[in-house]
>>> print(open('structure_34.txt').read())   # compact mmCIF, C-alpha atoms
# COMPACT_ATOMS: atom_id res chain seq x y z
CA MET A 18 160.22 142.26 202.14
CA GLU A 19 158.84 139.96 199.46
CA GLY A 20 160.82 136.73 199.37
CA LYS A 21 162.35 137.21 202.83
CA THR A 22 162.02 134.43 205.39
CA ILE A 23 162.00 135.30 209.08
CA GLY A 24 162.57 132.68 211.75
CA ILE A 25 160.93 132.66 215.16
CA ILE A 26 161.71 130.40 218.12
CA PRO A 27 158.41 129.31 219.75
CA SER A 28 160.08 128.09 222.95
CA LEU A 29 161.38 131.60 223.67
CA MET A 30 157.84 132.89 224.02
CA GLU A 31 157.43 130.64 227.06
CA ALA A 32 160.85 131.37 228.56
CA ASP A 33 161.03 132.04 232.29
CA GLY A 34 161.16 135.75 233.04
CA LEU A 35 159.74 136.90 229.71
CA ALA A 36 157.13 139.58 230.39
CA ARG A 37 153.72 139.05 228.82
CA GLU A 38 153.88 142.57 227.36
CA VAL A 39 157.08 141.66 225.53
CA ALA A 40 155.69 138.35 224.24
CA ASP A 41 152.60 140.14 222.90
CA ALA A 42 154.74 142.80 221.23
CA LEU A 43 156.88 140.12 219.56
CA ALA A 44 153.75 138.42 218.22
CA GLY A 45 152.72 141.79 216.80
CA ALA A 46 156.16 142.26 215.25
CA ALA A 47 155.97 138.86 213.54
CA LYS A 48 152.52 139.75 212.19
CA ALA A 49 153.82 143.10 210.92
CA LEU A 50 156.65 141.41 209.03
CA GLU A 51 154.23 138.87 207.59
CA ASP A 52 151.90 141.66 206.46
CA ALA A 53 154.90 143.32 204.80
CA GLY A 54 155.43 140.21 202.66
CA ALA A 55 157.84 138.10 204.72
CA LYS A 56 157.37 134.39 205.35
CA ILE A 57 157.40 133.42 209.03
CA VAL A 58 158.78 129.98 209.89
CA GLU A 59 159.83 128.24 213.09
CA VAL A 60 163.50 127.55 213.78
CA ASP A 61 165.38 126.03 216.68
CA LEU A 62 168.61 126.97 218.46
CA PRO A 63 168.94 123.96 220.77
CA ASN A 64 172.05 125.17 222.61
CA MET A 65 170.87 128.74 223.19
CA ALA A 66 169.96 127.99 226.81
CA SER A 67 173.67 127.52 227.57
CA ALA A 68 174.71 130.80 225.92
CA ILE A 69 174.53 133.07 228.94
CA ALA A 70 176.59 130.67 231.08
CA ALA A 71 179.22 130.36 228.36
CA TYR A 72 179.33 134.09 227.74
CA TYR A 73 179.89 135.01 231.36
CA VAL A 74 182.89 132.71 231.42
CA ILE A 75 184.36 133.87 228.11
CA ALA A 76 183.75 137.61 228.57
CA PRO A 77 185.53 137.97 231.95
CA CYS A 78 188.50 136.02 230.57
CA GLU A 79 188.73 138.38 227.61
CA ALA A 80 188.32 141.39 229.89
CA PHE A 81 191.15 140.18 232.12
CA SER A 82 193.42 139.68 229.11
CA ASN A 83 192.54 142.88 227.25
CA LEU A 84 192.48 145.25 230.22
CA ALA A 85 195.87 144.14 231.52
CA ARG A 86 197.44 146.83 229.31
CA PHE A 87 195.76 149.60 231.35
CA ASP A 88 198.55 149.87 233.89
CA GLY A 89 198.75 153.65 234.32
CA VAL A 90 201.90 153.82 232.19
CA ARG A 91 200.95 153.08 228.60
CA TYR A 92 197.14 153.23 228.66
CA GLY A 93 194.28 154.51 230.79
CA TYR A 94 194.08 156.61 233.91
CA GLN A 95 197.39 157.47 235.58
CA GLU A 96 197.65 158.03 239.33
CA SER A 97 199.95 160.93 240.19
CA ASP A 98 202.47 161.46 243.02
CA CYS A 99 203.42 157.79 243.40
CA ALA A 100 206.76 156.80 244.88
CA THR A 101 207.21 153.62 242.83
CA LEU A 102 206.08 152.18 239.52
CA ALA A 103 204.32 149.33 241.34
CA GLU A 104 202.36 151.80 243.47
CA GLN A 105 201.41 153.83 240.41
CA SER A 106 200.19 150.77 238.53
CA SER A 107 198.22 149.45 241.52
CA LEU A 108 196.52 152.76 242.36
CA SER A 109 195.85 153.59 238.70
CA ARG A 110 193.97 150.35 238.26
CA ALA A 111 192.22 150.64 241.63
CA HIS A 112 190.95 154.15 240.93
CA GLY A 113 190.61 153.97 237.14
CA PHE A 114 188.36 150.94 236.82
CA GLY A 115 184.73 150.82 237.92
CA ALA A 116 183.13 148.08 239.98
CA GLU A 117 181.98 146.00 236.99
CA ALA A 118 185.37 146.15 235.25
CA LYS A 119 187.09 145.02 238.46
CA ARG A 120 184.54 142.25 238.95
CA ARG A 121 185.13 140.88 235.46
CA GLN A 122 188.90 141.07 235.70
CA MET A 123 188.98 139.24 239.02
CA LEU A 124 186.66 136.53 237.70
CA GLY A 125 188.68 136.27 234.49
CA ALA A 126 191.92 135.85 236.42
CA TYR A 127 190.37 132.99 238.36
CA LEU A 128 188.86 131.27 235.31
CA LEU A 129 192.17 131.32 233.44
CA SER A 130 194.16 129.96 236.36
CA SER A 131 195.78 126.53 236.29
CA GLY A 132 193.33 123.71 236.92
CA ILE A 133 190.30 125.94 236.31
CA TYR A 134 190.93 126.81 232.65
CA GLU A 135 189.98 123.41 231.28
CA GLN A 136 186.94 123.04 233.50
CA TYR A 137 185.27 126.33 232.61
CA TYR A 138 186.93 128.34 229.83
CA LEU A 139 187.66 125.45 227.49
CA ALA A 140 184.18 123.99 228.06
CA SER A 141 182.60 127.38 227.31
CA GLN A 142 184.50 127.66 224.04
CA LYS A 143 183.10 124.27 223.04
CA VAL A 144 179.58 125.52 223.83
CA ARG A 145 180.35 128.59 221.72
CA THR A 146 181.16 126.32 218.78
CA LEU A 147 177.87 124.43 219.20
CA ILE A 148 175.84 127.66 219.30
CA THR A 149 177.63 128.99 216.21
CA ALA A 150 176.78 125.76 214.37
CA ASP A 151 173.12 126.09 215.45
CA TYR A 152 172.96 129.53 213.88
CA GLN A 153 174.66 128.39 210.70
CA ARG A 154 172.04 125.66 210.25
CA ALA A 155 169.20 128.10 210.97
CA PHE A 156 170.48 130.69 208.49
CA GLU A 157 170.45 128.06 205.74
CA HIS A 158 166.65 128.35 205.89
CA VAL A 159 165.93 131.93 207.04
CA ASP A 160 167.22 135.41 206.28
CA ALA A 161 166.85 136.64 209.86
CA ILE A 162 165.63 135.54 213.28
CA LEU A 163 163.16 137.58 215.31
CA MET A 164 163.34 137.44 219.10
CA PRO A 165 163.04 139.75 222.11
CA ALA A 166 165.84 142.23 222.77
CA SER A 167 165.16 142.03 226.51
CA PRO A 168 162.87 139.86 228.64
CA THR A 169 161.26 142.97 230.15
CA VAL A 170 160.12 146.41 229.11
CA ALA A 171 162.60 149.25 229.61
CA TRP A 172 163.17 149.89 233.30
CA GLU A 173 163.85 153.17 235.03
CA HIS A 174 167.46 154.20 235.55
CA GLY A 175 168.82 152.55 238.68
CA ALA A 176 165.80 150.31 239.17
CA ILE A 177 167.99 147.18 238.93
CA SER A 178 171.36 147.20 240.68
CA ASP A 179 171.98 143.50 241.32
CA PRO A 180 174.70 142.35 238.85
CA ALA A 181 173.13 138.89 238.45
CA ALA A 182 169.76 140.40 237.51
CA LEU A 183 171.46 142.72 235.02
CA TYR A 184 173.33 139.81 233.45
CA LEU A 185 170.07 137.86 232.98
CA ALA A 186 168.64 140.82 231.04
CA ASP A 187 171.12 139.85 228.29
CA ILE A 188 169.70 136.36 227.90
CA PHE A 189 168.37 136.94 224.35
CA THR A 190 171.37 138.87 222.98
CA ILE A 191 174.26 136.81 224.34
CA SER A 192 173.99 133.93 221.88
CA ASN A 193 174.28 136.33 218.95
CA ASN A 194 177.36 137.96 220.45
CA ILE A 195 179.34 134.79 221.04
CA ALA A 196 178.43 133.41 217.59
CA GLY A 197 179.67 136.54 215.81
CA ASN A 198 176.43 137.31 213.97
CA CYS A 199 175.00 140.73 213.27
CA GLY A 200 171.94 142.04 215.09
CA ILE A 201 169.77 145.09 215.51
CA SER A 202 167.14 146.18 218.03
CA VAL A 203 163.95 147.81 216.76
CA PRO A 204 161.32 149.59 218.91
CA VAL A 205 157.99 147.78 218.64
CA GLY A 206 155.67 149.89 220.74
CA LEU A 207 154.86 150.41 224.39
CA GLY A 208 153.72 147.89 226.96
CA ALA A 209 149.94 147.74 227.28
CA GLU A 210 150.15 147.85 231.08
CA SER A 211 153.42 149.63 231.82
CA GLY A 212 153.43 152.12 228.95
CA LEU A 213 157.20 151.58 228.66
CA PRO A 214 159.19 150.86 225.47
CA ILE A 215 159.67 147.34 224.14
CA GLY A 216 162.41 146.29 221.74
CA ALA A 217 162.45 143.44 219.24
CA GLN A 218 165.72 141.99 218.06
CA LEU A 219 166.57 140.86 214.54
CA GLN A 220 169.56 138.57 214.12
CA GLY A 221 171.26 137.79 210.82
CA PRO A 222 174.36 136.03 209.51
CA ALA A 223 177.73 137.73 209.84
CA PHE A 224 178.26 140.50 207.27
CA ALA A 225 174.58 140.52 206.26
CA ASP A 226 174.17 144.02 207.66
CA ALA A 227 172.47 145.53 204.61
CA GLN A 228 169.84 142.79 204.50
CA LEU A 229 169.18 143.08 208.24
CA LEU A 230 168.79 146.87 208.02
CA THR A 231 166.25 146.41 205.21
CA ILE A 232 164.16 144.07 207.34
CA ALA A 233 164.50 146.30 210.40
CA ARG A 234 163.40 149.33 208.40
CA ALA A 235 160.26 147.54 207.23
CA LEU A 236 159.44 146.56 210.81
CA GLU A 237 160.10 150.05 212.16
CA ARG A 238 157.96 151.66 209.47
CA SER A 239 155.07 149.36 210.28
CA PHE A 240 155.01 150.39 213.93
CA ASP A 241 155.78 154.04 213.24
CA ALA A 242 152.96 154.26 210.70
CA ARG A 243 150.51 153.16 213.38
CA GLY A 244 151.87 155.71 215.85
CA ILE A 245 152.69 153.17 218.54
CA VAL A 246 156.45 153.51 218.89
CA ALA A 247 157.95 155.25 221.89
CA PRO A 248 158.00 159.04 221.24
CA ALA A 249 161.76 159.20 221.79
CA PHE A 250 162.30 156.79 218.89
CA ALA A 251 159.61 157.93 216.47
CA GLY A 252 161.08 159.19 213.20
CA LYS A 253 159.49 161.05 210.33
CA GLY A 254 157.80 158.41 208.20
CA GLY A 255 159.97 155.70 209.72
CA GLU A 256 163.00 156.91 207.78
CA LEU A 257 166.41 155.67 208.98
>>> encode(input="structure_34.txt", output="structure tokens")
Amino acid sequence: MEGKTIGIIPSLMEADGLAREVADALAGAAKALEDAGAKIVEVDLPNMASAIAAYYVIAPCEAFSNLARFDGVRYGYQESDCATLAEQSSLSRAHGFGAEAKRRQMLGAYLLSSGIYEQYYLASQKVRTLITADYQRAFEHVDAILMPASPTVAWEHGAISDPAALYLADIFTISNNIAGNCGISVPVGLGAESGLPIGAQLQGPAFADAQLLTIARALERSFDARGIVAPAFAGKGGEL
């Protein structure tokens, strides 16, 4: 870790919805990396706040385009005993896709429609370009960026069913996805109050996977050595 520079974004630690347990764990993760020989510096991603809005325009549009091939003829589930090709395609899609896939396809169809495309999709692609440029400037000064993987500790299966609430859980990962960078989540202990797992996220430039894995391994070893990672994730000696 000697010679590595890790960026942190101070404003994220005060973001709405970020659990105190997660903020404390991230501070501990930054300290662990510093103790391992990394230099911790502050960076800024000024357009990150717009990432989740841009993503949930771009992603449904891509889902609508990509999933159009699943018509029950060439790809995907095929409904049997249909009288016509149109009936087969309609029922195959109705029964083959889950609620979230249908939701994204319907939204994508709307967002790509005439008169709407320029207002939302084109604007979101411009935001995507701004966010990508923010990352490029940040990675000129740091090897990786440390931030939360989720604003909350791990929740129990089924505890959150509202789609909007689930989408907001992606607030810290979305910017990395739309910019095309690499990223990895590392367990950094259990919440002091909840006792549930917390994940830290390391983001790096595209194709810098080996470097990011090296940093993640050092962070994981630090927490594993102190015996404070979630039992399900604990490995022998922190080995990958």
>>> closest_residue(input="structure_34.txt", among="A:Glu59, A:Asp226, A:Asp98, A:Glu210", to="A:Val170", atoms="all atoms listed in the file")
A:Glu210
>>> atom_distance(input="structure_34.txt", atom1="atom CA of A:Phe156", atom2="atom CA of A:Asp52")
21.7 Å
>>> closest_residue(input="structure_34.txt", among="A:Ile25, A:Asp88, A:Met30, A:Ala71", to="A:Glu51", atoms="all atoms listed in the file")
A:Ile25
>>> atom_distance(input="structure_34.txt", atom1="atom CA of A:Asp33", atom2="atom CA of A:Ala68")
15.1 Å
>>> closest_residue(input="structure_34.txt", among="A:Ala209, A:Ser167, A:Ala118, A:Tyr137", to="A:Leu183", atoms="all atoms listed in the file")
A:Ser167
>>> residues_near_point(input="structure_34.txt", point="(198.4, 148.1, 232.9)", cutoff="10 Å", atoms="only C-alpha atoms", output="VMD selection string")
chain A and resid 83 to 95 105 to 107 109 to 110
>>> residues_around(input="structure_34.txt", residues="A:Ala182", least_positions_apart="5", cutoff="12 Å", atoms="only C-alpha atoms", output="ChimeraX atom specification")
/A:34,168-169,176-177,187-188
>>> atom_distance(input="structure_34.txt", atom1="atom CA of A:Val60", atom2="atom CA of A:His158")
8.5 Å
>>> closest_atom_pairs(input="structure_34.txt", of="stretch 47-111 of chain A", to="stretch 128-134 of chain A", cutoff="12 Å", atoms="only C-alpha atoms", output="Markdown table")
| residue | atom | partner | partner_atom | distance |
| --- | --- | --- | --- | --- |
| A:Ala71 | CA | A:Leu128 | CA | 11.9 |
| A:Tyr73 | CA | A:Leu128 | CA | 10.5 |
| A:Val74 | CA | A:Leu128 | CA | 7.3 |
| A:Ile75 | CA | A:Leu128 | CA | 8.9 |
| A:Ala76 | CA | A:Leu128 | CA | 10.6 |
| A:Pro77 | CA | A:Leu128 | CA | 8.2 |
| A:Cys78 | CA | A:Leu129 | CA | 6.6 |
| A:Glu79 | CA | A:Leu129 | CA | 9.8 |
| A:Ala80 | CA | A:Leu129 | CA | 11.4 |
| A:Phe81 | CA | A:Leu129 | CA | 9.0 |
| A:Ser82 | CA | A:Leu129 | CA | 9.5 |
>>> closest_residue(input="structure_34.txt", among="A:Ile57, A:Ala166, A:Tyr138, A:Thr149", to="A:Leu185", atoms="all atoms listed in the file")
A:Ala166
>>> closest_residue(input="structure_34.txt", among="A:Ile232, A:Ala40, A:Ile195, A:Leu147", to="A:Met164", atoms="all atoms listed in the file")
A:Ala40
>>> residues_near_point(input="structure_34.txt", point="(173.2, 126.4, 218.2)", cutoff="7 Å", atoms="only C-alpha atoms", output="ChimeraX atom specification")
/A:62-65,147-152
>>> write_last_selection(input="structure_34.txt", atoms="C-alpha atoms", output="compact mmCIF listing (two decimals), in the frame of the given file")
# COMPACT_ATOMS: atom_id res chain seq x y z
CA LEU A 62 168.61 126.97 218.46
CA PRO A 63 168.94 123.96 220.77
CA ASN A 64 172.05 125.17 222.61
CA MET A 65 170.87 128.74 223.19
CA LEU A 147 177.87 124.43 219.20
CA ILE A 148 175.84 127.66 219.30
CA THR A 149 177.63 128.99 216.21
CA ALA A 150 176.78 125.76 214.37
CA ASP A 151 173.12 126.09 215.45
CA TYR A 152 172.96 129.53 213.88
>>> closest_residue(input="structure_34.txt", among="A:Gln122, A:Ala66, A:Glu19, A:Val203", to="A:Ala32", atoms="all atoms listed in the file")
A:Ala66
>>> axis_aligned_box(input="structure_34.txt", around="stretch 161-178 of chain A", padding_each_side="8 Å", output="JSON")
{"center_x": 165.7, "center_y": 144.9, "center_z": 225.3, "size_x": 27.2, "size_y": 34.7, "size_z": 46.8}
>>> residues_around(input="structure_34.txt", residues="stretch 216-223 of chain A", least_positions_apart="4", cutoff="7 Å", atoms="all atoms listed in the file", output="list of chain:residue names")
A:Leu43, A:Phe156, A:Asp160, A:Ala161, A:Ile162, A:Leu163, A:Met164, A:Pro165, A:Ala166, A:Ser167, A:Gly197, A:Asn198, A:Cys199, A:Gly200, A:Ile201, A:Ser202, A:Val203, A:Pro204, A:Val205, A:Leu229
>>> write_last_selection(input="structure_34.txt", atoms="C-alpha atoms", output="PDB file, in the frame of the given file")
ATOM      1  CA  LEU A  43     156.880 140.120 219.560  1.00  0.00           C
ATOM      2  CA  PHE A 156     170.480 130.690 208.490  1.00  0.00           C
ATOM      3  CA  ASP A 160     167.220 135.410 206.280  1.00  0.00           C
ATOM      4  CA  ALA A 161     166.850 136.640 209.860  1.00  0.00           C
ATOM      5  CA  ILE A 162     165.630 135.540 213.280  1.00  0.00           C
ATOM      6  CA  LEU A 163     163.160 137.580 215.310  1.00  0.00           C
ATOM      7  CA  MET A 164     163.340 137.440 219.100  1.00  0.00           C
ATOM      8  CA  PRO A 165     163.040 139.750 222.110  1.00  0.00           C
ATOM      9  CA  ALA A 166     165.840 142.230 222.770  1.00  0.00           C
ATOM     10  CA  SER A 167     165.160 142.030 226.510  1.00  0.00           C
ATOM     11  CA  GLY A 197     179.670 136.540 215.810  1.00  0.00           C
ATOM     12  CA  ASN A 198     176.430 137.310 213.970  1.00  0.00           C
ATOM     13  CA  CYS A 199     175.000 140.730 213.270  1.00  0.00           C
ATOM     14  CA  GLY A 200     171.940 142.040 215.090  1.00  0.00           C
ATOM     15  CA  ILE A 201     169.770 145.090 215.510  1.00  0.00           C
ATOM     16  CA  SER A 202     167.140 146.180 218.030  1.00  0.00           C
ATOM     17  CA  VAL A 203     163.950 147.810 216.760  1.00  0.00           C
ATOM     18  CA  PRO A 204     161.320 149.590 218.910  1.00  0.00           C
ATOM     19  CA  VAL A 205     157.990 147.780 218.640  1.00  0.00           C
ATOM     20  CA  LEU A 229     169.180 143.080 208.240  1.00  0.00           C
TER      21      LEU A 229
END
>>> build_atoms(input="structure_34.txt", residues="stretch 50-63 of chain A", atoms="N, CA, C and O atoms", output="mmCIF file, in the coordinates of the input")
data_model
loop_
_atom_site.group_PDB
_atom_site.id
_atom_site.type_symbol
_atom_site.label_atom_id
_atom_site.label_comp_id
_atom_site.auth_asym_id
_atom_site.auth_seq_id
_atom_site.Cartn_x
_atom_site.Cartn_y
_atom_site.Cartn_z
ATOM 1 N N LEU A 50 155.729 141.864 210.073
ATOM 2 C CA LEU A 50 156.650 141.410 209.030
ATOM 3 C C LEU A 50 155.929 140.538 208.004
ATOM 4 O O LEU A 50 156.194 140.622 206.798
ATOM 5 N N GLU A 51 155.005 139.712 208.493
ATOM 6 C CA GLU A 51 154.230 138.870 207.590
ATOM 7 C C GLU A 51 153.348 139.726 206.685
ATOM 8 O O GLU A 51 153.246 139.471 205.471
ATOM 9 N N ASP A 52 152.733 140.755 207.244
ATOM 10 C CA ASP A 52 151.900 141.660 206.460
ATOM 11 C C ASP A 52 152.720 142.418 205.411
ATOM 12 O O ASP A 52 152.207 142.814 204.364
ATOM 13 N N ALA A 53 154.022 142.612 205.733
ATOM 14 C CA ALA A 53 154.900 143.320 204.800
ATOM 15 C C ALA A 53 155.422 142.414 203.687
ATOM 16 O O ALA A 53 156.150 142.872 202.806
ATOM 17 N N GLY A 54 155.063 141.122 203.738
ATOM 18 C CA GLY A 54 155.430 140.210 202.660
ATOM 19 C C GLY A 54 156.416 139.126 203.040
ATOM 20 O O GLY A 54 156.766 138.283 202.212
ATOM 21 N N ALA A 55 156.874 139.116 204.300
ATOM 22 C CA ALA A 55 157.840 138.100 204.720
ATOM 23 C C ALA A 55 157.130 136.784 205.051
ATOM 24 O O ALA A 55 155.959 136.775 205.419
ATOM 25 N N LYS A 56 157.866 135.697 204.949
ATOM 26 C CA LYS A 56 157.370 134.390 205.350
ATOM 27 C C LYS A 56 157.901 134.078 206.743
ATOM 28 O O LYS A 56 159.104 134.191 206.987
ATOM 29 N N ILE A 57 157.014 133.721 207.657
ATOM 30 C CA ILE A 57 157.400 133.420 209.030
ATOM 31 C C ILE A 57 157.458 131.911 209.218
ATOM 32 O O ILE A 57 156.489 131.201 208.949
ATOM 33 N N VAL A 58 158.616 131.418 209.666
ATOM 34 C CA VAL A 58 158.780 129.980 209.890
ATOM 35 C C VAL A 58 159.408 129.768 211.279
ATOM 36 O O VAL A 58 160.015 130.669 211.844
ATOM 37 N N GLU A 59 159.245 128.572 211.792
ATOM 38 C CA GLU A 59 159.830 128.240 213.090
ATOM 39 C C GLU A 59 161.235 127.667 212.905
ATOM 40 O O GLU A 59 161.478 126.886 211.986
ATOM 41 N N VAL A 60 162.134 128.087 213.779
ATOM 42 C CA VAL A 60 163.500 127.550 213.780
ATOM 43 C C VAL A 60 163.858 127.160 215.212
ATOM 44 O O VAL A 60 163.143 127.495 216.160
ATOM 45 N N ASP A 61 164.970 126.482 215.349
ATOM 46 C CA ASP A 61 165.380 126.030 216.680
ATOM 47 C C ASP A 61 166.873 126.307 216.869
ATOM 48 O O ASP A 61 167.677 126.097 215.955
ATOM 49 N N LEU A 62 167.211 126.810 218.046
ATOM 50 C CA LEU A 62 168.610 126.970 218.460
ATOM 51 C C LEU A 62 168.766 126.147 219.743
ATOM 52 O O LEU A 62 168.651 126.678 220.847
ATOM 53 N N PRO A 63 169.007 124.861 219.610
ATOM 54 C CA PRO A 63 168.940 123.960 220.770
ATOM 55 C C PRO A 63 169.922 124.257 221.886
ATOM 56 O O PRO A 63 169.665 123.907 223.037
#
